[in-house]
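Reviewing the structure listed below.
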2 protein chains.
Amino acid sequence: MRPYSDALQRLRDAGLRPTRQRLALARLLFSGEENRHVTAEDVHAEAQAAGTPVALATVYNTLNQFTDAGLLREIVVEPGRTYFDTNIDDHHHFFIESESELIDVPAESLSVSEMPELPDGTEIRRVDIVVRLKDRDAAAS
Amino acid sequence: MRPYSDALQRLRDAGLRPTRQRLALARLLFSGEENRHVTAEDVHAEAQAAGTPVALATVYNTLNQFTDAGLLREIVVEPGRTYFDTNIDDHHHFFIESESELIDVPAESLSVSEMPELPDGTEIRRVDIVVRLKDRDAAAS
DNA sequence: ATACTTGCAAATCGTTTGCAATACC
DNA sequence: GGTATTGCAAACGATTTGCAAGTAT
């Protein structure tokens, strides 16, 4: 449970003006549970529920700002839906397709054996591994 | 260079009625270059250019049918844009973010070391590895 | 005081769908 | 002929943007 002042500090450190809305969202995202995978809709709903109404557009803008500032990480696993991960450390994901659920996998337990030669003039920014899971008993479609 | 009749056979084998449009798109996708990464827009534009006008909606529907039939594979790397890969073998990708370009990486040259325990009742459907690249000389944003 | 933020609604983008017209077997 | 497929436009869901009003420093 990180305290309120941490959210404030986090924003300051990221060079983001600590406005009412940003603080509210930062507290929602960074207090409590450690590794969360949320959509903008999720965060919007939570903010409403927490009695801190924030426009959906502002949620989108804020999540993008947090991402640019390195406080969040964007995950793309499904077409047409963006998830944000509060865990910004090096790690990977299980993705349960039937439930659209993401689960963190520590980087240590899933590493790449050997990297092929990169195209000229490029360097690695990140390696994303998504292990797509299905229910074992599911009827083959 | 696979011949025309191959496209026809491919559709038959997949249980898809070989209509004019599906044949046209199958030929575009499966003749010529081996491993292509295309968006629906790309395919639509190519069809126009090839003198085989097909409605964009039909392109979408057809690409989805091909994917369901196992002729194509869907790749999700960018929010809000779906790529289709004509290479359906086990493999992974480089993704050059500055150009939105995908490059195939053979499965052998990039394998996962050790798989953590899966959540209960699930099994692996696929492992997707995306190595995100940036230009080496690019100014840090 | 002034620049940065927010809210809201409208705009946009990629993709899907409904339905009448058309093509395949 | 009967069913699957197409085209088109309209519907859609997620995300972004423009601008007037509000707020942090």
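Chain labels follow the order of the structure tokens: the first chain is A, the next B, and so on; residue numbering restarts at 1 in every chain, and ligands are counted from 1 in their shown order.
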Result of fitting chain B on chain A (Cα atoms paired in order), as a compact mmCIF listing (two decimals) with N, CA and C atoms, in the first residue's frame:
# COMPACT_ATOMS: atom_id res chain seq x y z
N MET B 1 1.04 -1.40 -0.04
CA MET B 1 0.14 -0.24 -0.03
C MET B 1 0.93 1.06 0.01
N ARG B 2 1.09 1.66 -1.11
CA ARG B 2 1.82 2.92 -1.10
C ARG B 2 0.89 4.06 -0.70
N PRO B 3 1.40 4.96 0.14
CA PRO B 3 0.54 6.02 0.68
C PRO B 3 0.26 7.10 -0.35
N TYR B 4 -0.65 7.95 -0.04
CA TYR B 4 -1.09 9.05 -0.88
C TYR B 4 0.07 9.92 -1.35
N SER B 5 0.94 10.24 -0.43
CA SER B 5 2.02 11.15 -0.77
C SER B 5 2.91 10.58 -1.88
N ASP B 6 2.92 9.26 -1.97
CA ASP B 6 3.72 8.62 -2.98
C ASP B 6 3.20 8.97 -4.38
N ALA B 7 1.88 8.96 -4.51
CA ALA B 7 1.28 9.30 -5.80
C ALA B 7 1.68 10.72 -6.20
N LEU B 8 1.63 11.60 -5.23
CA LEU B 8 2.02 12.98 -5.47
C LEU B 8 3.47 13.05 -5.94
N GLN B 9 4.32 12.37 -5.21
CA GLN B 9 5.74 12.38 -5.53
C GLN B 9 6.01 11.78 -6.90
N ARG B 10 5.31 10.72 -7.17
CA ARG B 10 5.45 10.03 -8.45
C ARG B 10 5.17 10.97 -9.61
N LEU B 11 4.11 11.75 -9.47
CA LEU B 11 3.77 12.69 -10.53
C LEU B 11 4.82 13.77 -10.65
N ARG B 12 5.23 14.29 -9.50
CA ARG B 12 6.26 15.34 -9.52
C ARG B 12 7.50 14.83 -10.22
N ASP B 13 7.94 13.63 -9.81
CA ASP B 13 9.16 13.05 -10.38
C ASP B 13 9.01 12.86 -11.89
N ALA B 14 7.81 12.60 -12.31
CA ALA B 14 7.60 12.34 -13.73
C ALA B 14 7.42 13.64 -14.50
N GLY B 15 7.43 14.75 -13.78
CA GLY B 15 7.27 16.03 -14.44
C GLY B 15 5.85 16.33 -14.84
N LEU B 16 4.92 15.69 -14.14
CA LEU B 16 3.51 15.92 -14.44
C LEU B 16 2.87 16.73 -13.33
N ARG B 17 2.23 17.78 -13.70
CA ARG B 17 1.56 18.62 -12.71
C ARG B 17 0.51 17.82 -11.96
N PRO B 18 0.61 17.77 -10.66
CA PRO B 18 -0.31 16.92 -9.89
C PRO B 18 -1.70 17.54 -9.77
N THR B 19 -2.49 17.34 -10.77
CA THR B 19 -3.86 17.86 -10.74
C THR B 19 -4.76 16.88 -10.01
N ARG B 20 -5.96 17.35 -9.70
CA ARG B 20 -6.92 16.51 -9.00
C ARG B 20 -7.11 15.17 -9.71
N GLN B 21 -7.36 15.24 -11.02
CA GLN B 21 -7.64 14.01 -11.77
C GLN B 21 -6.44 13.07 -11.85
N ARG B 22 -5.29 13.64 -12.10
CA ARG B 22 -4.10 12.78 -12.22
C ARG B 22 -3.79 12.12 -10.89
N LEU B 23 -3.98 12.87 -9.80
CA LEU B 23 -3.76 12.27 -8.49
C LEU B 23 -4.75 11.14 -8.26
N ALA B 24 -6.00 11.39 -8.60
CA ALA B 24 -7.02 10.37 -8.38
C ALA B 24 -6.66 9.10 -9.14
N LEU B 25 -6.29 9.25 -10.41
CA LEU B 25 -5.97 8.07 -11.21
C LEU B 25 -4.68 7.41 -10.74
N ALA B 26 -3.71 8.21 -10.36
CA ALA B 26 -2.46 7.64 -9.86
C ALA B 26 -2.72 6.82 -8.61
N ARG B 27 -3.57 7.33 -7.75
CA ARG B 27 -3.87 6.59 -6.53
C ARG B 27 -4.58 5.28 -6.85
N LEU B 28 -5.54 5.36 -7.77
CA LEU B 28 -6.24 4.14 -8.17
C LEU B 28 -5.27 3.10 -8.71
N LEU B 29 -4.33 3.57 -9.53
CA LEU B 29 -3.46 2.63 -10.23
C LEU B 29 -2.33 2.11 -9.38
N PHE B 30 -1.76 2.98 -8.54
CA PHE B 30 -0.51 2.61 -7.88
C PHE B 30 -0.66 2.29 -6.40
N SER B 31 -1.84 2.45 -5.86
CA SER B 31 -2.06 1.99 -4.49
C SER B 31 -2.71 0.62 -4.61
N GLY B 32 -2.65 -0.12 -3.54
CA GLY B 32 -3.28 -1.43 -3.57
C GLY B 32 -2.51 -2.43 -4.40
N GLU B 33 -3.21 -3.27 -5.08
CA GLU B 33 -2.63 -4.36 -5.84
C GLU B 33 -1.41 -3.91 -6.66
N GLU B 34 -0.42 -4.76 -6.75
CA GLU B 34 0.82 -4.36 -7.41
C GLU B 34 0.75 -4.35 -8.93
N ASN B 35 0.42 -5.47 -9.52
CA ASN B 35 0.50 -5.57 -10.97
C ASN B 35 -0.87 -5.64 -11.61
N ARG B 36 -1.29 -4.51 -12.07
CA ARG B 36 -2.63 -4.45 -12.62
C ARG B 36 -2.59 -4.30 -14.14
N HIS B 37 -3.59 -4.88 -14.78
CA HIS B 37 -3.72 -4.75 -16.24
C HIS B 37 -5.09 -4.16 -16.50
N VAL B 38 -5.10 -2.93 -16.91
CA VAL B 38 -6.38 -2.24 -17.02
C VAL B 38 -6.58 -1.58 -18.37
N THR B 39 -7.82 -1.45 -18.74
CA THR B 39 -8.16 -0.68 -19.93
C THR B 39 -8.62 0.70 -19.47
N ALA B 40 -8.70 1.61 -20.41
CA ALA B 40 -9.17 2.95 -20.07
C ALA B 40 -10.58 2.87 -19.49
N GLU B 41 -11.40 2.02 -20.06
CA GLU B 41 -12.76 1.85 -19.56
C GLU B 41 -12.75 1.40 -18.10
N ASP B 42 -11.90 0.45 -17.79
CA ASP B 42 -11.78 -0.03 -16.41
C ASP B 42 -11.49 1.12 -15.47
N VAL B 43 -10.50 1.90 -15.81
CA VAL B 43 -10.06 2.99 -14.95
C VAL B 43 -11.17 4.03 -14.81
N HIS B 44 -11.81 4.30 -15.91
CA HIS B 44 -12.92 5.24 -15.88
C HIS B 44 -14.00 4.77 -14.92
N ALA B 45 -14.37 3.51 -15.04
CA ALA B 45 -15.40 2.95 -14.17
C ALA B 45 -14.97 3.01 -12.70
N GLU B 46 -13.72 2.69 -12.44
CA GLU B 46 -13.22 2.73 -11.06
C GLU B 46 -13.26 4.14 -10.49
N ALA B 47 -12.90 5.08 -11.33
CA ALA B 47 -12.90 6.46 -10.87
C ALA B 47 -14.32 6.89 -10.49
N GLN B 48 -15.28 6.52 -11.34
CA GLN B 48 -16.68 6.84 -11.02
C GLN B 48 -17.04 6.22 -9.67
N ALA B 49 -16.74 4.93 -9.56
CA ALA B 49 -17.09 4.19 -8.35
C ALA B 49 -16.44 4.80 -7.12
N ALA B 50 -15.24 5.34 -7.30
CA ALA B 50 -14.51 5.91 -6.17
C ALA B 50 -14.98 7.33 -5.86
N GLY B 51 -15.99 7.77 -6.59
CA GLY B 51 -16.50 9.11 -6.32
C GLY B 51 -15.63 10.22 -6.86
N THR B 52 -14.77 9.89 -7.82
CA THR B 52 -13.91 10.90 -8.44
C THR B 52 -14.18 10.91 -9.93
N PRO B 53 -15.28 11.49 -10.33
CA PRO B 53 -15.63 11.45 -11.75
C PRO B 53 -14.57 12.14 -12.61
N VAL B 54 -14.15 11.45 -13.65
CA VAL B 54 -13.17 11.96 -14.59
C VAL B 54 -13.69 11.59 -15.98
N ALA B 55 -13.60 12.52 -16.90
CA ALA B 55 -14.10 12.24 -18.25
C ALA B 55 -13.30 11.12 -18.88
N LEU B 56 -13.97 10.29 -19.66
CA LEU B 56 -13.28 9.17 -20.31
C LEU B 56 -12.11 9.66 -21.16
N ALA B 57 -12.32 10.76 -21.86
CA ALA B 57 -11.23 11.31 -22.69
C ALA B 57 -10.03 11.66 -21.82
N THR B 58 -10.29 12.19 -20.65
CA THR B 58 -9.20 12.54 -19.75
C THR B 58 -8.49 11.29 -19.26
N VAL B 59 -9.25 10.23 -19.04
CA VAL B 59 -8.62 8.98 -18.64
C VAL B 59 -7.66 8.52 -19.73
N TYR B 60 -8.11 8.53 -20.96
CA TYR B 60 -7.24 8.16 -22.08
C TYR B 60 -6.00 9.03 -22.11
N ASN B 61 -6.22 10.34 -22.04
CA ASN B 61 -5.07 11.24 -22.12
C ASN B 61 -4.11 11.00 -20.96
N THR B 62 -4.66 10.81 -19.79
CA THR B 62 -3.83 10.62 -18.61
C THR B 62 -3.04 9.31 -18.70
N LEU B 63 -3.70 8.25 -19.12
CA LEU B 63 -3.00 6.97 -19.24
C LEU B 63 -1.86 7.09 -20.27
N ASN B 64 -2.11 7.81 -21.32
CA ASN B 64 -1.05 8.00 -22.32
C ASN B 64 0.10 8.82 -21.76
N GLN B 65 -0.24 9.84 -20.99
CA GLN B 65 0.82 10.65 -20.37
C GLN B 65 1.64 9.81 -19.40
N PHE B 66 0.95 9.02 -18.60
CA PHE B 66 1.64 8.15 -17.65
C PHE B 66 2.57 7.19 -18.40
N THR B 67 2.07 6.69 -19.52
CA THR B 67 2.90 5.77 -20.32
C THR B 67 4.12 6.48 -20.86
N ASP B 68 3.92 7.68 -21.40
CA ASP B 68 5.06 8.44 -21.92
C ASP B 68 6.06 8.75 -20.82
N ALA B 69 5.54 8.97 -19.63
CA ALA B 69 6.40 9.33 -18.51
C ALA B 69 7.06 8.10 -17.88
N GLY B 70 6.71 6.91 -18.39
CA GLY B 70 7.33 5.70 -17.88
C GLY B 70 6.70 5.15 -16.62
N LEU B 71 5.51 5.61 -16.30
CA LEU B 71 4.83 5.10 -15.11
C LEU B 71 3.99 3.88 -15.43
N LEU B 72 3.64 3.75 -16.69
CA LEU B 72 2.82 2.63 -17.13
C LEU B 72 3.43 2.04 -18.39
N ARG B 73 2.96 0.86 -18.71
CA ARG B 73 3.41 0.23 -19.94
C ARG B 73 2.20 -0.23 -20.73
N GLU B 74 2.26 -0.02 -22.01
CA GLU B 74 1.16 -0.38 -22.88
C GLU B 74 1.36 -1.82 -23.33
N ILE B 75 0.29 -2.58 -23.34
CA ILE B 75 0.38 -3.96 -23.83
C ILE B 75 -0.64 -4.16 -24.93
N VAL B 76 -0.20 -4.73 -26.02
CA VAL B 76 -1.12 -4.98 -27.13
C VAL B 76 -1.25 -6.47 -27.32
N VAL B 77 -2.41 -7.01 -27.02
CA VAL B 77 -2.62 -8.44 -27.20
C VAL B 77 -3.86 -8.75 -28.01
N GLU B 78 -4.78 -7.84 -28.02
CA GLU B 78 -6.04 -8.04 -28.73
C GLU B 78 -6.23 -6.88 -29.68
N PRO B 79 -6.70 -7.17 -30.87
CA PRO B 79 -6.97 -6.06 -31.76
C PRO B 79 -8.09 -5.20 -31.16
N GLY B 80 -7.91 -3.90 -31.26
CA GLY B 80 -8.99 -3.02 -30.86
C GLY B 80 -9.16 -2.81 -29.37
N ARG B 81 -8.12 -3.14 -28.59
CA ARG B 81 -8.23 -2.88 -27.16
C ARG B 81 -6.83 -2.73 -26.61
N THR B 82 -6.60 -1.67 -25.86
CA THR B 82 -5.28 -1.44 -25.31
C THR B 82 -5.30 -1.64 -23.80
N TYR B 83 -4.36 -2.41 -23.32
CA TYR B 83 -4.21 -2.61 -21.88
C TYR B 83 -3.03 -1.79 -21.38
N PHE B 84 -3.14 -1.34 -20.15
CA PHE B 84 -2.03 -0.66 -19.50
C PHE B 84 -1.62 -1.49 -18.31
N ASP B 85 -0.31 -1.64 -18.15
CA ASP B 85 0.24 -2.49 -17.09
C ASP B 85 0.94 -1.60 -16.07
N THR B 86 0.58 -1.76 -14.80
CA THR B 86 1.23 -0.95 -13.77
C THR B 86 2.61 -1.49 -13.42
N ASN B 87 2.93 -2.65 -13.95
CA ASN B 87 4.25 -3.22 -13.73
C ASN B 87 5.15 -2.82 -14.91
N ILE B 88 6.12 -1.96 -14.62
CA ILE B 88 6.96 -1.48 -15.72
C ILE B 88 8.32 -2.18 -15.76
N ASP B 89 8.49 -3.16 -14.87
CA ASP B 89 9.73 -3.92 -14.91
C ASP B 89 9.72 -4.89 -16.09
N ASP B 90 10.87 -5.41 -16.40
CA ASP B 90 11.02 -6.36 -17.49
C ASP B 90 10.25 -7.64 -17.13
N HIS B 91 9.25 -7.95 -17.92
CA HIS B 91 8.49 -9.18 -17.66
C HIS B 91 7.62 -9.49 -18.88
N HIS B 92 6.92 -10.62 -18.80
CA HIS B 92 6.11 -11.05 -19.94
C HIS B 92 4.70 -11.42 -19.48
N HIS B 93 3.92 -12.01 -20.38
CA HIS B 93 2.51 -12.24 -20.02
C HIS B 93 1.93 -13.56 -20.50
N PHE B 94 1.07 -14.09 -19.64
CA PHE B 94 0.10 -15.08 -20.09
C PHE B 94 -1.11 -14.29 -20.53
N PHE B 95 -1.77 -14.77 -21.55
CA PHE B 95 -3.02 -14.14 -21.94
C PHE B 95 -4.07 -15.22 -22.13
N ILE B 96 -5.07 -15.21 -21.25
CA ILE B 96 -6.15 -16.19 -21.35
C ILE B 96 -7.21 -15.62 -22.27
N GLU B 97 -7.25 -16.13 -23.49
CA GLU B 97 -8.07 -15.51 -24.51
C GLU B 97 -9.55 -15.57 -24.19
N SER B 98 -9.99 -16.67 -23.61
CA SER B 98 -11.42 -16.81 -23.34
C SER B 98 -11.92 -15.77 -22.34
N GLU B 99 -11.03 -15.25 -21.53
CA GLU B 99 -11.44 -14.28 -20.52
C GLU B 99 -10.83 -12.91 -20.75
N SER B 100 -10.02 -12.79 -21.78
CA SER B 100 -9.29 -11.55 -22.02
C SER B 100 -8.52 -11.15 -20.77
N GLU B 101 -7.92 -12.13 -20.12
CA GLU B 101 -7.20 -11.84 -18.88
C GLU B 101 -5.68 -11.94 -19.05
N LEU B 102 -5.00 -10.96 -18.51
CA LEU B 102 -3.54 -10.93 -18.56
C LEU B 102 -2.94 -11.29 -17.21
N ILE B 103 -1.88 -12.08 -17.23
CA ILE B 103 -1.19 -12.46 -16.01
C ILE B 103 0.31 -12.24 -16.21
N ASP B 104 0.94 -11.61 -15.25
CA ASP B 104 2.37 -11.35 -15.36
C ASP B 104 3.19 -12.62 -15.25
N VAL B 105 4.27 -12.65 -16.00
CA VAL B 105 5.25 -13.72 -15.90
C VAL B 105 6.61 -13.04 -15.71
N PRO B 106 7.29 -13.33 -14.60
CA PRO B 106 8.57 -12.68 -14.36
C PRO B 106 9.55 -12.94 -15.50
N ALA B 107 10.38 -11.98 -15.78
CA ALA B 107 11.31 -12.09 -16.90
C ALA B 107 12.23 -13.30 -16.76
N GLU B 108 12.61 -13.60 -15.51
CA GLU B 108 13.59 -14.68 -15.30
C GLU B 108 13.04 -16.03 -15.74
N SER B 109 11.75 -16.22 -15.60
CA SER B 109 11.23 -17.57 -15.85
C SER B 109 10.85 -17.78 -17.30
N LEU B 110 11.22 -16.85 -18.15
CA LEU B 110 10.82 -16.99 -19.55
C LEU B 110 11.74 -16.16 -20.40
N SER B 111 12.91 -16.67 -20.64
CA SER B 111 13.83 -15.84 -21.41
C SER B 111 14.12 -16.43 -22.77
N VAL B 112 14.61 -15.59 -23.62
CA VAL B 112 14.86 -15.98 -24.99
C VAL B 112 16.24 -16.57 -25.11
N SER B 113 16.34 -17.68 -25.84
CA SER B 113 17.58 -18.44 -25.87
C SER B 113 18.68 -17.74 -26.64
N GLU B 114 18.34 -17.26 -27.79
CA GLU B 114 19.41 -16.78 -28.66
C GLU B 114 18.77 -15.83 -29.64
N MET B 115 19.36 -14.66 -29.78
CA MET B 115 18.73 -13.65 -30.61
C MET B 115 19.34 -13.65 -32.00
N PRO B 116 18.52 -13.74 -33.03
CA PRO B 116 19.06 -13.69 -34.39
C PRO B 116 19.60 -12.30 -34.69
N GLU B 117 20.33 -12.21 -35.73
CA GLU B 117 20.90 -10.95 -36.17
C GLU B 117 19.81 -9.91 -36.41
N LEU B 118 20.03 -8.70 -35.94
CA LEU B 118 19.03 -7.65 -36.13
C LEU B 118 19.21 -6.99 -37.49
N PRO B 119 18.13 -6.46 -38.03
CA PRO B 119 18.25 -5.68 -39.27
C PRO B 119 19.21 -4.52 -39.05
N ASP B 120 19.85 -4.11 -40.12
CA ASP B 120 20.83 -3.02 -40.07
C ASP B 120 20.30 -1.75 -39.42
N GLY B 121 21.14 -1.15 -38.59
CA GLY B 121 20.81 0.16 -38.04
C GLY B 121 19.75 0.13 -36.97
N THR B 122 19.43 -1.06 -36.47
CA THR B 122 18.39 -1.12 -35.43
C THR B 122 18.96 -1.69 -34.14
N GLU B 123 18.26 -1.40 -33.08
CA GLU B 123 18.60 -2.03 -31.81
C GLU B 123 17.31 -2.39 -31.09
N ILE B 124 17.44 -3.26 -30.11
CA ILE B 124 16.25 -3.75 -29.42
C ILE B 124 15.72 -2.71 -28.44
N ARG B 125 14.44 -2.47 -28.52
CA ARG B 125 13.81 -1.57 -27.56
C ARG B 125 13.16 -2.39 -26.45
N ARG B 126 12.62 -3.51 -26.86
CA ARG B 126 11.94 -4.35 -25.89
C ARG B 126 11.59 -5.69 -26.54
N VAL B 127 11.52 -6.71 -25.72
CA VAL B 127 11.06 -8.01 -26.22
C VAL B 127 9.78 -8.36 -25.50
N ASP B 128 8.72 -8.52 -26.25
CA ASP B 128 7.42 -8.86 -25.66
C ASP B 128 7.09 -10.31 -25.95
N ILE B 129 6.87 -11.06 -24.88
CA ILE B 129 6.44 -12.45 -25.07
C ILE B 129 5.04 -12.61 -24.51
N VAL B 130 4.16 -13.09 -25.34
CA VAL B 130 2.79 -13.36 -24.90
C VAL B 130 2.51 -14.84 -25.08
N VAL B 131 2.26 -15.52 -23.97
CA VAL B 131 1.90 -16.93 -24.05
C VAL B 131 0.38 -17.00 -24.05
N ARG B 132 -0.18 -17.32 -25.20
CA ARG B 132 -1.64 -17.35 -25.34
C ARG B 132 -2.18 -18.68 -24.86
N LEU B 133 -3.12 -18.61 -23.93
CA LEU B 133 -3.64 -19.82 -23.33
C LEU B 133 -5.10 -20.03 -23.70
N LYS B 134 -5.47 -21.29 -23.75
CA LYS B 134 -6.89 -21.61 -23.93
C LYS B 134 -7.28 -22.59 -22.83
N ASP B 135 -8.57 -22.72 -22.61
CA ASP B 135 -9.04 -23.67 -21.61
C ASP B 135 -8.75 -25.07 -22.11
N ARG B 136 -8.25 -25.92 -21.20
CA ARG B 136 -7.83 -27.24 -21.63
C ARG B 136 -9.00 -28.07 -22.13
N ASP B 137 -10.14 -27.87 -21.49
CA ASP B 137 -11.30 -28.69 -21.84
C ASP B 137 -12.16 -28.09 -22.95
N ALA B 138 -11.77 -26.90 -23.39
CA ALA B 138 -12.59 -26.21 -24.39
C ALA B 138 -12.71 -27.05 -25.65
N ALA B 139 -13.93 -27.11 -26.16
CA ALA B 139 -14.15 -27.81 -27.42
C ALA B 139 -13.35 -27.09 -28.50
N ALA B 140 -12.64 -27.87 -29.30
CA ALA B 140 -11.89 -27.24 -30.39
C ALA B 140 -12.90 -26.55 -31.29
N SER B 141 -12.68 -25.25 -31.49
CA SER B 141 -13.66 -24.50 -32.27
C SER B 141 -13.67 -24.98 -33.71
> So which residues touch DT25 (chain D) within 10 Å, counting only C-alpha atoms (C1' of nucleotides), skipping near sequence neighbours fewer than 2 positions away, as JSON, numbers by chain?
Replying inline: {"A": [17], "C": [2, 3], "D": [23]}
Generate a file of the selected residues that holds N, CA, C and O atoms (P, O5', C5', C4', C3', O3' and C1' of nucleotides), formatted as a compact mmCIF listing (two decimals), in the first residue's frame.
# COMPACT_ATOMS: atom_id res chain seq x y z
N ARG A 17 2.34 17.73 -13.85
CA ARG A 17 1.70 18.59 -12.87
C ARG A 17 0.66 17.78 -12.10
O ARG A 17 -0.22 17.18 -12.72
P DT C 2 -0.02 37.78 -17.98
O5' DT C 2 0.18 36.22 -18.09
C5' DT C 2 1.31 35.62 -17.42
C4' DT C 2 1.30 34.13 -17.70
C3' DT C 2 0.76 33.74 -19.09
O3' DT C 2 1.61 32.76 -19.60
C1' DT C 2 -0.42 32.56 -17.45
P DA C 3 1.76 32.45 -21.12
O5' DA C 3 2.11 30.90 -21.10
C5' DA C 3 3.02 30.43 -20.11
C4' DA C 3 2.53 29.10 -19.56
C3' DA C 3 2.20 28.08 -20.65
O3' DA C 3 2.80 26.85 -20.26
C1' DA C 3 0.35 28.31 -19.20
P DT D 23 -11.89 24.45 -11.19
O5' DT D 23 -10.30 24.35 -11.29
C5' DT D 23 -9.71 23.18 -11.86
C4' DT D 23 -8.19 23.33 -11.76
C3' DT D 23 -7.68 23.89 -10.45
O3' DT D 23 -6.45 23.28 -10.20
C1' DT D 23 -6.90 25.20 -12.18
>> Considering only C-alpha atoms (C1' of nucleotides), can you say which of D:DT17, D:DA10, D:DG22, D:DA4 comes closest to chain B?
In response: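 So, comparing all the options, the nearest one is D:DA4.
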>> I need the residues of region 32-134 of chain B that end up classed as strand (DSSP E) by DSSP on the backbone, written out as a PyMOL selection string.
In response: chain B and resi 37-38+73-78+81-85+91-96+101-106+122-134
Output the selection as a short mmCIF file (atom, residue, chain, number, x, y, z; two decimals), in the first residue's frame - N, CA and C atoms for each residue.
data_model
loop_
_atom_site.label_atom_id
_atom_site.label_comp_id
_atom_site.auth_asym_id
_atom_site.auth_seq_id
_atom_site.Cartn_x
_atom_site.Cartn_y
_atom_site.Cartn_z
N HIS B 37 3.28 -9.40 -44.63
CA HIS B 37 2.54 -8.88 -43.47
C HIS B 37 1.70 -7.73 -43.97
N VAL B 38 0.42 -7.96 -44.03
CA VAL B 38 -0.44 -6.96 -44.67
C VAL B 38 -1.62 -6.57 -43.79
N ARG B 73 -2.49 -15.82 -40.53
CA ARG B 73 -2.36 -15.66 -39.09
C ARG B 73 -2.46 -14.19 -38.74
N GLU B 74 -3.17 -13.92 -37.69
CA GLU B 74 -3.37 -12.55 -37.25
C GLU B 74 -2.23 -12.17 -36.32
N ILE B 75 -1.71 -10.97 -36.49
CA ILE B 75 -0.66 -10.50 -35.58
C ILE B 75 -1.09 -9.18 -34.98
N VAL B 76 -0.96 -9.08 -33.68
CA VAL B 76 -1.33 -7.83 -33.01
C VAL B 76 -0.08 -7.22 -32.42
N VAL B 77 0.34 -6.11 -32.95
CA VAL B 77 1.53 -5.44 -32.42
C VAL B 77 1.28 -3.98 -32.12
N GLU B 78 0.31 -3.41 -32.77
CA GLU B 78 0.01 -2.00 -32.59
C GLU B 78 -1.45 -1.87 -32.23
N ARG B 81 -4.65 -1.59 -35.13
CA ARG B 81 -4.32 -2.01 -36.48
C ARG B 81 -4.01 -3.48 -36.45
N THR B 82 -4.62 -4.23 -37.34
CA THR B 82 -4.40 -5.66 -37.37
C THR B 82 -3.60 -6.05 -38.61
N TYR B 83 -2.56 -6.82 -38.40
CA TYR B 83 -1.78 -7.33 -39.51
C TYR B 83 -2.12 -8.80 -39.74
N PHE B 84 -2.04 -9.20 -40.99
CA PHE B 84 -2.21 -10.61 -41.33
C PHE B 84 -0.91 -11.11 -41.92
N ASP B 85 -0.51 -12.29 -41.50
CA ASP B 85 0.76 -12.87 -41.90
C ASP B 85 0.49 -14.07 -42.80
N HIS B 91 6.71 -19.17 -35.85
CA HIS B 91 7.81 -18.20 -35.97
C HIS B 91 7.46 -16.95 -35.17
N HIS B 92 8.40 -16.00 -35.15
CA HIS B 92 8.19 -14.79 -34.35
C HIS B 92 8.49 -13.56 -35.19
N HIS B 93 8.53 -12.40 -34.53
CA HIS B 93 8.68 -11.16 -35.32
C HIS B 93 9.57 -10.10 -34.71
N PHE B 94 10.27 -9.43 -35.61
CA PHE B 94 10.83 -8.13 -35.29
C PHE B 94 9.75 -7.12 -35.64
N PHE B 95 9.66 -6.07 -34.87
CA PHE B 95 8.74 -5.00 -35.24
C PHE B 95 9.48 -3.68 -35.14
N ILE B 96 9.68 -3.05 -36.29
CA ILE B 96 10.35 -1.75 -36.31
C ILE B 96 9.30 -0.68 -36.13
N GLU B 101 6.94 -1.72 -39.39
CA GLU B 101 7.30 -2.84 -40.26
C GLU B 101 7.55 -4.12 -39.49
N LEU B 102 6.99 -5.20 -40.00
CA LEU B 102 7.17 -6.52 -39.39
C LEU B 102 8.14 -7.36 -40.20
N ILE B 103 9.00 -8.08 -39.50
CA ILE B 103 9.95 -8.98 -40.16
C ILE B 103 9.90 -10.33 -39.46
N ASP B 104 9.83 -11.39 -40.25
CA ASP B 104 9.76 -12.72 -39.67
C ASP B 104 11.08 -13.12 -39.02
N VAL B 105 10.96 -13.87 -37.94
CA VAL B 105 12.12 -14.47 -37.29
C VAL B 105 11.79 -15.95 -37.14
N PRO B 106 12.61 -16.82 -37.73
CA PRO B 106 12.33 -18.25 -37.64
C PRO B 106 12.24 -18.71 -36.19
N THR B 122 -5.55 -24.74 -18.14
CA THR B 122 -5.23 -24.10 -19.42
C THR B 122 -4.10 -24.84 -20.12
N GLU B 123 -4.03 -24.62 -21.41
CA GLU B 123 -2.89 -25.13 -22.16
C GLU B 123 -2.47 -24.08 -23.17
N ILE B 124 -1.26 -24.24 -23.67
CA ILE B 124 -0.72 -23.23 -24.57
C ILE B 124 -1.33 -23.35 -25.96
N ARG B 125 -1.78 -22.24 -26.48
CA ARG B 125 -2.28 -22.23 -27.84
C ARG B 125 -1.19 -21.73 -28.79
N ARG B 126 -0.43 -20.79 -28.28
CA ARG B 126 0.62 -20.22 -29.11
C ARG B 126 1.49 -19.32 -28.26
N VAL B 127 2.74 -19.20 -28.66
CA VAL B 127 3.64 -18.26 -27.99
C VAL B 127 4.04 -17.21 -29.01
N ASP B 128 3.72 -15.97 -28.72
CA ASP B 128 4.07 -14.88 -29.63
C ASP B 128 5.20 -14.06 -29.05
N ILE B 129 6.28 -13.97 -29.80
CA ILE B 129 7.39 -13.12 -29.35
C ILE B 129 7.54 -11.97 -30.34
N VAL B 130 7.50 -10.78 -29.82
CA VAL B 130 7.72 -9.60 -30.65
C VAL B 130 8.93 -8.85 -30.12
N VAL B 131 9.96 -8.76 -30.96
CA VAL B 131 11.14 -8.00 -30.58
C VAL B 131 10.97 -6.60 -31.15
N ARG B 132 10.70 -5.65 -30.28
CA ARG B 132 10.44 -4.28 -30.73
C ARG B 132 11.76 -3.54 -30.92
N LEU B 133 11.93 -3.00 -32.11
CA LEU B 133 13.19 -2.35 -32.44
C LEU B 133 13.00 -0.85 -32.63
N LYS B 134 14.06 -0.13 -32.32
CA LYS B 134 14.05 1.30 -32.63
C LYS B 134 15.32 1.61 -33.41
#
